[in-house]
file protein_31.txt (compact mmCIF, C-alpha atoms)
# COMPACT_ATOMS: atom_id res chain seq x y z
CA MET A 1 1.81 22.48 -22.75
CA ALA A 2 1.21 24.68 -19.72
CA VAL A 3 0.58 22.86 -16.43
CA GLU A 4 -1.89 24.60 -14.18
CA LEU A 5 -1.19 23.57 -10.61
CA GLY A 6 -4.58 24.83 -9.53
CA ASP A 7 -6.25 22.01 -11.46
CA GLU A 8 -4.85 19.24 -9.31
CA PRO A 9 -7.52 18.19 -6.84
CA HIS A 10 -6.36 17.94 -3.26
CA VAL A 11 -7.43 14.73 -1.54
CA LEU A 12 -7.18 13.91 2.15
CA ALA A 13 -6.74 10.14 2.64
CA VAL A 14 -7.43 8.73 6.10
CA ASP A 15 -6.42 5.17 7.06
CA ASP A 16 -4.82 3.64 10.14
CA ASN A 17 -3.05 0.98 8.05
CA LEU A 18 0.32 2.16 6.71
CA ILE A 19 0.30 -0.13 3.66
CA ASP A 20 -3.17 1.04 2.69
CA ARG A 21 -2.14 4.68 3.12
CA LYS A 22 0.83 4.15 0.81
CA LEU A 23 -1.35 2.42 -1.75
CA VAL A 24 -4.11 5.02 -1.81
CA GLU A 25 -1.51 7.79 -1.97
CA ARG A 26 0.17 6.19 -4.99
CA LEU A 27 -3.16 5.54 -6.71
CA LEU A 28 -4.24 9.16 -6.23
CA LYS A 29 -0.89 10.61 -7.31
CA ASN A 30 -1.02 8.47 -10.45
CA SER A 31 -4.35 10.15 -11.14
CA SER A 32 -2.75 13.59 -10.81
CA CYS A 33 -4.14 14.40 -7.39
CA LYS A 34 -2.34 16.20 -4.63
CA VAL A 35 -2.49 13.94 -1.56
CA THR A 36 -2.33 14.47 2.18
CA THR A 37 -2.59 11.42 4.42
CA ALA A 38 -3.80 11.10 8.01
CA GLU A 39 -3.43 8.01 10.19
CA ASN A 40 -6.66 8.45 12.11
CA ALA A 41 -9.88 10.44 12.20
CA LEU A 42 -8.71 12.86 14.91
CA ARG A 43 -5.65 13.87 12.89
CA ALA A 44 -7.92 14.29 9.87
CA LEU A 45 -10.25 16.57 11.83
CA ASP A 46 -7.29 18.65 13.01
CA TYR A 47 -6.12 19.00 9.44
CA LEU A 48 -9.58 20.01 8.28
CA GLY A 49 -9.87 22.64 10.98
CA LEU A 50 -12.53 20.80 12.98
CA GLY A 51 -10.29 19.38 15.64
CA ASN A 52 -9.45 20.47 19.16
CA ASP A 53 -5.80 20.74 18.24
CA THR A 54 -6.15 22.69 15.02
CA LEU A 55 -3.44 25.33 14.87
CA GLU A 56 -4.33 28.81 13.71
CA GLY A 57 -3.63 29.36 10.03
CA THR A 58 -2.90 25.75 9.11
CA VAL A 59 -6.24 24.76 7.60
CA SER A 60 -5.87 23.62 4.00
CA GLU A 61 -8.53 23.33 1.38
CA VAL A 62 -9.35 19.80 0.31
CA ASN A 63 -11.51 18.80 -2.64
CA MET A 64 -12.26 15.28 -1.44
CA ILE A 65 -11.85 13.08 1.60
CA ILE A 66 -11.36 9.34 1.33
CA THR A 67 -11.46 7.41 4.56
CA ASP A 68 -11.28 3.85 5.83
CA TYR A 69 -14.34 2.69 7.75
CA CYS A 70 -12.70 0.60 10.48
CA MET A 71 -10.33 2.75 12.47
CA PRO A 72 -9.51 2.71 16.18
CA GLY A 73 -10.99 5.57 18.20
CA MET A 74 -13.28 7.31 15.74
CA THR A 75 -14.53 5.29 12.77
CA GLY A 76 -14.78 6.54 9.21
CA TYR A 77 -18.54 6.71 9.63
CA GLU A 78 -18.21 8.99 12.66
CA LEU A 79 -15.72 11.13 10.74
CA LEU A 80 -18.21 11.37 7.88
CA LYS A 81 -20.90 12.59 10.29
CA LYS A 82 -18.62 15.26 11.73
CA ILE A 83 -17.78 16.51 8.25
CA LYS A 84 -21.43 16.65 7.22
CA GLU A 85 -22.28 18.56 10.41
CA SER A 86 -19.79 21.27 9.53
CA SER A 87 -21.13 24.24 7.61
CA VAL A 88 -17.69 24.80 6.09
CA LEU A 89 -17.03 21.23 4.98
CA LYS A 90 -20.40 19.57 4.36
CA GLU A 91 -20.12 20.04 0.56
CA VAL A 92 -16.78 18.23 0.37
CA PRO A 93 -17.35 14.76 -1.13
CA VAL A 94 -16.48 11.95 1.26
CA VAL A 95 -15.68 8.43 0.07
CA ILE A 96 -15.68 5.50 2.48
CA MET A 97 -13.43 2.43 1.96
CA SER A 98 -13.80 -0.90 3.64
CA SER A 99 -12.39 -4.40 3.33
CA GLU A 100 -15.78 -5.81 4.34
CA ASN A 101 -18.79 -5.95 2.07
CA ILE A 102 -21.60 -5.35 4.57
CA PRO A 103 -24.78 -4.00 2.90
CA THR A 104 -26.11 -2.33 6.06
CA ARG A 105 -22.77 -0.59 6.54
CA ILE A 106 -22.80 0.62 2.94
CA SER A 107 -26.35 1.99 3.08
CA GLN A 108 -25.68 3.61 6.46
CA CYS A 109 -22.73 5.54 4.98
CA LEU A 110 -24.55 6.53 1.82
CA GLU A 111 -27.55 7.72 3.85
CA GLU A 112 -25.25 9.84 5.97
CA GLY A 113 -24.03 11.56 2.81
CA ALA A 114 -21.01 9.57 1.61
CA LYS A 115 -20.45 10.08 -2.11
CA MET A 116 -19.24 6.53 -2.71
CA PHE A 117 -18.42 3.37 -0.89
CA MET A 118 -15.42 1.41 -2.17
CA LEU A 119 -14.28 -2.10 -1.39
CA LYS A 120 -10.64 -2.70 -0.57
CA PRO A 121 -8.16 -3.49 -1.90
CA LEU A 122 -8.27 -0.46 -4.17
CA LYS A 123 -7.10 -0.61 -7.76
CA GLN A 124 -6.27 2.05 -10.34
CA SER A 125 -9.67 1.62 -12.03
CA ASP A 126 -11.43 2.43 -8.71
CA VAL A 127 -9.51 5.67 -8.35
CA LYS A 128 -10.12 6.64 -11.98
CA GLN A 129 -13.84 6.28 -11.34
CA LEU A 130 -13.46 8.34 -8.19
CA LYS A 131 -11.64 11.12 -9.98
CA TRP A 132 -14.30 11.24 -12.66
CA HIS A 133 -16.92 11.83 -9.96
CA LEU A 134 -14.71 14.44 -8.34
CA MET A 135 -14.22 16.41 -11.55
CA LYS A 136 -17.96 16.21 -12.18
CA CYS A 137 -18.60 17.71 -8.71
CA ARG A 138 -16.20 20.57 -9.40
CA ASN A 139 -17.86 21.45 -12.70
CA MET B 20 21.53 -7.50 -24.75
CA ASP B 21 21.22 -11.28 -24.43
CA PHE B 22 21.96 -11.25 -20.72
CA VAL B 23 19.35 -8.57 -20.15
CA ASN B 24 16.77 -10.59 -22.10
CA LEU B 25 17.72 -13.69 -20.14
CA LEU B 26 17.25 -11.90 -16.83
CA GLN B 27 13.98 -10.37 -17.99
CA ARG B 28 12.78 -13.83 -19.05
CA LYS B 29 13.79 -15.15 -15.64
CA PHE B 30 11.85 -12.37 -13.99
CA ILE B 31 8.70 -13.12 -16.00
CA ASP B 32 8.96 -16.87 -15.34
CA TYR B 33 9.58 -16.40 -11.63
CA SER B 34 6.76 -13.90 -11.36
CA SER B 35 4.38 -16.33 -13.11
CA SER B 36 5.34 -19.08 -10.68
CA LEU B 37 4.47 -16.85 -7.73
CA HIS B 38 0.99 -16.42 -9.18
CA ARG B 39 0.61 -20.13 -9.97
CA GLU B 40 1.62 -21.10 -6.43
CA GLY B 41 -0.89 -18.63 -5.02
CA ILE B 42 1.84 -16.67 -3.21
CA VAL B 43 0.53 -13.51 -4.85
CA ASP B 44 -2.73 -12.69 -6.60
CA ASP B 45 -4.00 -10.11 -9.06
CA GLN B 46 -3.64 -7.27 -6.55
CA PHE B 47 0.15 -7.73 -6.76
CA THR B 48 -0.09 -7.26 -10.53
CA GLN B 49 -2.13 -4.10 -9.88
CA LEU B 50 0.66 -2.80 -7.63
CA ARG B 51 3.29 -3.41 -10.32
CA LYS B 52 1.19 -1.39 -12.76
CA LEU B 53 1.57 1.60 -10.43
CA GLU B 54 5.32 1.79 -11.00
CA ASP B 55 6.52 4.46 -13.39
CA GLU B 56 9.52 6.73 -13.82
CA ASN B 57 8.37 8.85 -10.86
CA SER B 58 8.02 5.81 -8.64
CA PRO B 59 10.14 2.96 -10.09
CA HIS B 60 10.57 1.07 -6.81
CA PHE B 61 7.06 1.36 -5.44
CA VAL B 62 6.47 -2.39 -5.07
CA MET B 63 9.79 -2.96 -3.30
CA GLU B 64 9.11 -0.06 -0.94
CA VAL B 65 5.62 -1.24 -0.05
CA ALA B 66 6.85 -4.83 0.33
CA SER B 67 9.56 -3.68 2.79
CA LEU B 68 6.95 -1.85 4.86
CA PHE B 69 4.76 -4.94 4.75
CA PHE B 70 7.59 -7.21 5.94
CA GLU B 71 8.28 -4.90 8.91
CA ASP B 72 4.59 -4.65 9.76
CA CYS B 73 4.05 -8.40 9.46
CA GLU B 74 7.02 -9.28 11.68
CA LYS B 75 5.86 -6.85 14.33
CA LEU B 76 2.29 -8.19 14.32
CA ILE B 77 3.38 -11.86 14.36
CA ASN B 78 5.66 -11.07 17.27
CA ASN B 79 2.89 -9.25 19.17
CA MET B 80 0.53 -12.18 18.66
CA ALA B 81 3.14 -14.67 19.83
CA ILE B 82 3.62 -12.66 23.03
CA ALA B 83 -0.14 -12.32 23.57
CA LEU B 84 -0.62 -16.08 23.18
CA GLU B 85 2.08 -16.77 25.76
CA GLN B 86 0.39 -14.79 28.53
CA LYS B 87 -0.16 -17.13 31.48
CA GLN B 88 -2.77 -14.93 33.11
CA GLY B 89 -5.04 -15.14 30.08
CA VAL B 90 -4.87 -14.45 26.37
CA ASP B 91 -6.13 -11.09 25.17
CA PHE B 92 -8.09 -12.34 22.17
CA LYS B 93 -9.24 -8.82 21.36
CA GLN B 94 -5.64 -7.82 20.77
CA ILE B 95 -5.08 -10.93 18.65
CA ASP B 96 -8.17 -10.05 16.64
CA GLU B 97 -6.91 -6.51 16.01
CA CYS B 98 -3.54 -7.84 14.84
CA ILE B 99 -5.22 -10.29 12.48
CA HIS B 100 -7.44 -7.52 11.13
CA GLN B 101 -4.40 -5.32 10.40
CA LEU B 102 -2.49 -8.12 8.78
CA LYS B 103 -5.43 -9.31 6.72
CA GLY B 104 -5.87 -5.76 5.43
CA SER B 105 -2.21 -5.23 4.55
CA SER B 106 -1.76 -8.64 2.94
CA SER B 107 -4.90 -8.13 0.88
CA SER B 108 -3.72 -4.70 -0.30
CA ILE B 109 -0.32 -5.98 -1.35
CA GLY B 110 -1.71 -9.12 -3.00
CA ALA B 111 -0.15 -11.62 -0.59
CA MET B 112 -2.88 -14.20 -1.07
CA ARG B 113 -1.63 -17.06 1.08
CA VAL B 114 -0.83 -14.77 4.00
CA LYS B 115 -4.29 -13.26 3.69
CA ASN B 116 -5.93 -16.71 3.67
CA ALA B 117 -3.88 -17.73 6.71
CA CYS B 118 -5.30 -14.65 8.47
CA ILE B 119 -8.86 -15.62 7.57
CA ALA B 120 -8.36 -19.10 9.04
CA PHE B 121 -6.70 -17.59 12.11
CA ARG B 122 -9.65 -15.29 12.71
CA SER B 123 -12.11 -18.16 13.23
CA PHE B 124 -9.92 -19.63 15.99
CA SER B 125 -9.45 -16.22 17.58
CA ASP B 126 -13.23 -15.63 17.49
CA GLY B 127 -13.66 -18.99 19.19
CA GLN B 128 -11.02 -18.01 21.78
CA ASN B 129 -9.22 -21.25 21.03
CA ARG B 130 -5.62 -20.82 22.21
CA GLU B 131 -4.30 -24.08 20.79
CA GLY B 132 -5.92 -23.39 17.45
CA CYS B 133 -4.44 -19.88 17.46
CA LEU B 134 -0.96 -21.20 18.13
CA ARG B 135 -1.23 -23.55 15.16
CA CYS B 136 -2.52 -20.73 12.97
CA LEU B 137 0.29 -18.45 14.06
CA GLN B 138 2.79 -21.10 13.03
CA GLN B 139 1.10 -21.44 9.65
CA LEU B 140 1.04 -17.67 9.26
CA SER B 141 4.77 -17.40 10.06
CA HIS B 142 5.48 -20.08 7.51
CA GLU B 143 3.48 -18.33 4.78
CA TYR B 144 5.12 -15.03 5.63
CA SER B 145 8.66 -16.50 5.38
CA LEU B 146 7.80 -18.08 2.07
CA LEU B 147 6.44 -14.80 0.71
CA LYS B 148 9.41 -12.76 1.92
CA ASN B 149 11.89 -15.21 0.43
CA LYS B 150 10.16 -15.33 -2.93
CA LEU B 151 9.60 -11.59 -3.23
CA GLN B 152 13.18 -10.78 -2.28
CA THR B 153 14.37 -13.16 -5.00
CA LEU B 154 12.01 -11.53 -7.49
CA PHE B 155 13.28 -8.06 -6.60
CA ARG B 156 16.91 -9.17 -6.91
CA VAL B 157 16.29 -10.45 -10.44
CA SER B 158 14.43 -7.25 -11.32
CA VAL B 159 17.19 -4.99 -10.02
CA ALA B 160 19.91 -7.14 -11.62
CA SER B 161 18.32 -6.82 -15.03
CA ARG B 162 17.86 -3.06 -14.60
CA CYS B 163 21.47 -2.58 -13.46
CA LEU B 164 22.78 -4.72 -16.27
CA TYR B 165 20.76 -2.79 -18.78
CA VAL B 166 22.15 0.52 -17.53
CA CYS B 167 25.71 -0.86 -17.55
CA LEU B 168 25.28 -1.98 -21.13
CA VAL B 169 23.94 1.40 -22.17
CA ILE B 170 26.90 3.12 -20.49
CA PHE B 171 29.29 0.69 -22.15
CA CYS B 172 27.77 1.08 -25.61
CA ARG B 173 27.62 4.85 -25.35
CA GLY B 174 31.23 4.91 -24.18
CA ASN B 175 32.29 2.76 -27.11
CA GLU B 176 30.34 4.73 -29.72
CA HIS B 177 31.23 8.22 -28.66
CA ALA B 178 34.45 7.66 -26.73
CA GLU B 179 32.72 9.38 -23.80
CA PRO B 180 33.39 8.66 -20.21
CA PHE B 181 30.38 7.41 -18.19
CA PRO B 182 27.43 9.76 -18.72
CA ASP B 183 26.53 11.16 -15.28
CA VAL B 184 22.79 10.66 -15.58
CA LEU B 185 23.20 6.94 -16.30
CA VAL B 186 25.69 6.44 -13.48
CA PHE B 187 23.26 8.18 -11.16
CA GLN B 188 20.47 5.83 -12.33
CA LEU B 189 22.71 2.84 -11.71
CA GLU B 190 23.59 4.08 -8.23
CA LYS B 191 19.89 4.53 -7.42
CA GLU B 192 19.15 0.93 -8.47
CA ILE B 193 21.98 -0.44 -6.33
CA VAL B 194 20.94 1.57 -3.27
CA ALA B 195 17.28 0.60 -3.75
CA ALA B 196 18.33 -3.04 -3.63
CA GLY B 197 20.07 -2.45 -0.31
CA GLY B 198 23.60 -2.16 -1.62
CA SER B 199 26.14 0.60 -1.17
CA ILE B 200 28.31 2.59 -3.54
CA PRO B 201 32.06 2.32 -2.98
CA ARG B 202 33.74 5.68 -3.27
CA VAL B 203 37.01 5.70 -5.16
CA HIS B 204 39.41 8.49 -4.20

call {"tool": "encode", "arguments": {"input": "protein_31.txt", "output": "structure tokens"}}
result
Amino acid sequence: MAVELGDEPHVLAVDDNLIDRKLVERLLKNSSCKVTTAENALRALDYLGLGNDTLEGTVSEVNMIITDYCMPGMTGYELLKKIKESSVLKEVPVVIMSSENIPTRISQCLEEGAKMFMLKPLKQSDVKQLKWHLMKCRN
Amino acid sequence: MDFVNLLQRKFIDYSSSLHREGIVDDQFTQLRKLEDENSPHFVMEVASLFFEDCEKLINNMAIALEQKQGVDFKQIDECIHQLKGSSSSIGAMRVKNACIAFRSFSDGQNREGCLRCLQQLSHEYSLLKNKLQTLFRVSVASRCLYVCLVIFCRGNEHAEPFPDVLVFQLEKEIVAAGGSIPRVH
């Protein structure tokens, strides 16, 4: 069976908590996704090419961004807004994760254009659902 | 294979007791499901990171609560938030619950209450670390024993010396458990 590397979606996972980064990375890799992690929103923006410190020629294409809501400095919500403001990146689906189930927070993110809002801790079934949405977006 | 079955039985029983005692919850089971041949030691690796993180945060909170000029409850709150998140993600239920209790005292800026909670948190953490390390030892022991038996049986059947790939697997298990490989010259 031929493996086409181009079919693996590339996901950028943003979370300030190391354990959560490891978990989301493992969950995504188990769902055959290529994963890049960032420990805060600023690093994520740099990686996406929207940051002040983005180096020339280092911008990678990502198919989805999954970010924690509560992060020091810039929150996941603020990161979402920046992504949606960008002409280059606004079509990239953004998923927000949070350990707190706050309805106003959820609707605020969805109104701003988040594809999904997921409650932590994440499980394999959550990521499977996510990937299904992602593949639907691509096709 | 009796010894292997015995160790595997021990592992299952010990693992069940951790759930019954509330040390770990379903999220821990979810983590174990993520282990496969590409990532056979995932739970141990994440647990090690958690232990380091937890010790650092407990230490930081202890220092913050000792400050004579005034306790920085905002810092305490951030530490609790981090720890609650990590413990929830790894399935460390009692540590997570200790964090939830701690938060209410931190919100109330109650130093005495916080000190008691920190003590409780340290206790739950020690318990968790102890139990998980025992669980991992049993798991690794059964895996090592299994590999040894396979090597032994193969050697007996085919009069082969130790197949390299199995020795390599055994070495990986030993190193993952924190051991070292003696080199014979």

call {"tool": "atom_distance", "arguments": {"input": "protein_31.txt", "atom1": "atom CA of Ser35 of chain B", "atom2": "atom CA of Ala66 of chain B"}}
result
17.9 Å

call {"tool": "closest_residue", "arguments": {"input": "protein_31.txt", "among": "A:Ile106, A:Leu119, A:Ile65, A:Ala13", "to": "chain B", "atoms": "all atoms listed in the file"}}
result
A:Leu119

call {"tool": "residues_around", "arguments": {"input": "protein_31.txt", "residues": "Leu18 of chain A", "least_positions_apart": "5", "cutoff": "9 Å", "atoms": "all atoms listed in the file", "output": "PyMOL selection string"}}
result
(chain A and resi 23+39) or (chain B and resi 68-69+72+105)

call {"tool": "interface_residues", "arguments": {"input": "protein_31.txt", "of": "chain B", "to": "chain A", "cutoff": "8 Å", "atoms": "all atoms listed in the file", "output": "list in words"}}
result
Gln46, Gln49, Leu53, Val65, Leu68, Phe69, Gln101, Gly104, Ser105, Ser107, Ser108 and Ile109 of chain B

call {"tool": "atom_distance", "arguments": {"input": "protein_31.txt", "atom1": "atom CA of Lys52 of chain B", "atom2": "atom CA of Glu74 of chain B"}}
result
26.3 Å

call {"tool": "residues_around", "arguments": {"input": "protein_31.txt", "residues": "segment 79-83 of chain B", "least_positions_apart": "3", "cutoff": "9 Å", "atoms": "only C-alpha atoms", "output": "ChimeraX atom specification"}}
result
/B:74-76,86,89-92,94-95,98-99,134,137

call {"tool": "closest_residue", "arguments": {"input": "protein_31.txt", "among": "B:Glu143, B:Asp55, B:Asp126, B:Asp44", "to": "Ile77 of chain B", "atoms": "all atoms listed in the file"}}
result
B:Glu143

call {"tool": "atom_distance", "arguments": {"input": "protein_31.txt", "atom1": "atom CA of Tyr33 of chain B", "atom2": "atom CA of Ser161 of chain B"}}
result
13.4 Å

call {"tool": "closest_residue", "arguments": {"input": "protein_31.txt", "among": "B:Cys167, B:Ala160, B:Ile42, B:Cys133", "to": "Leu25 of chain B", "atoms": "only C-alpha atoms"}}
result
B:Ala160

call {"tool": "residues_around", "arguments": {"input": "protein_31.txt", "residues": "Asn40 of chain A", "least_positions_apart": "4", "cutoff": "7 Å", "atoms": "all atoms listed in the file", "output": "PDB file with C-alpha atoms, in the frame of the given file"}}
result
ATOM      1  CA  VAL A  14      -7.430   8.730   6.100  1.00  0.00           C
ATOM      2  CA  ASP A  15      -6.420   5.170   7.060  1.00  0.00           C
ATOM      3  CA  ASP A  16      -4.820   3.640  10.140  1.00  0.00           C
ATOM      4  CA  ALA A  44      -7.920  14.290   9.870  1.00  0.00           C
ATOM      5  CA  MET A  71     -10.330   2.750  12.470  1.00  0.00           C
TER       6      MET A  71
END
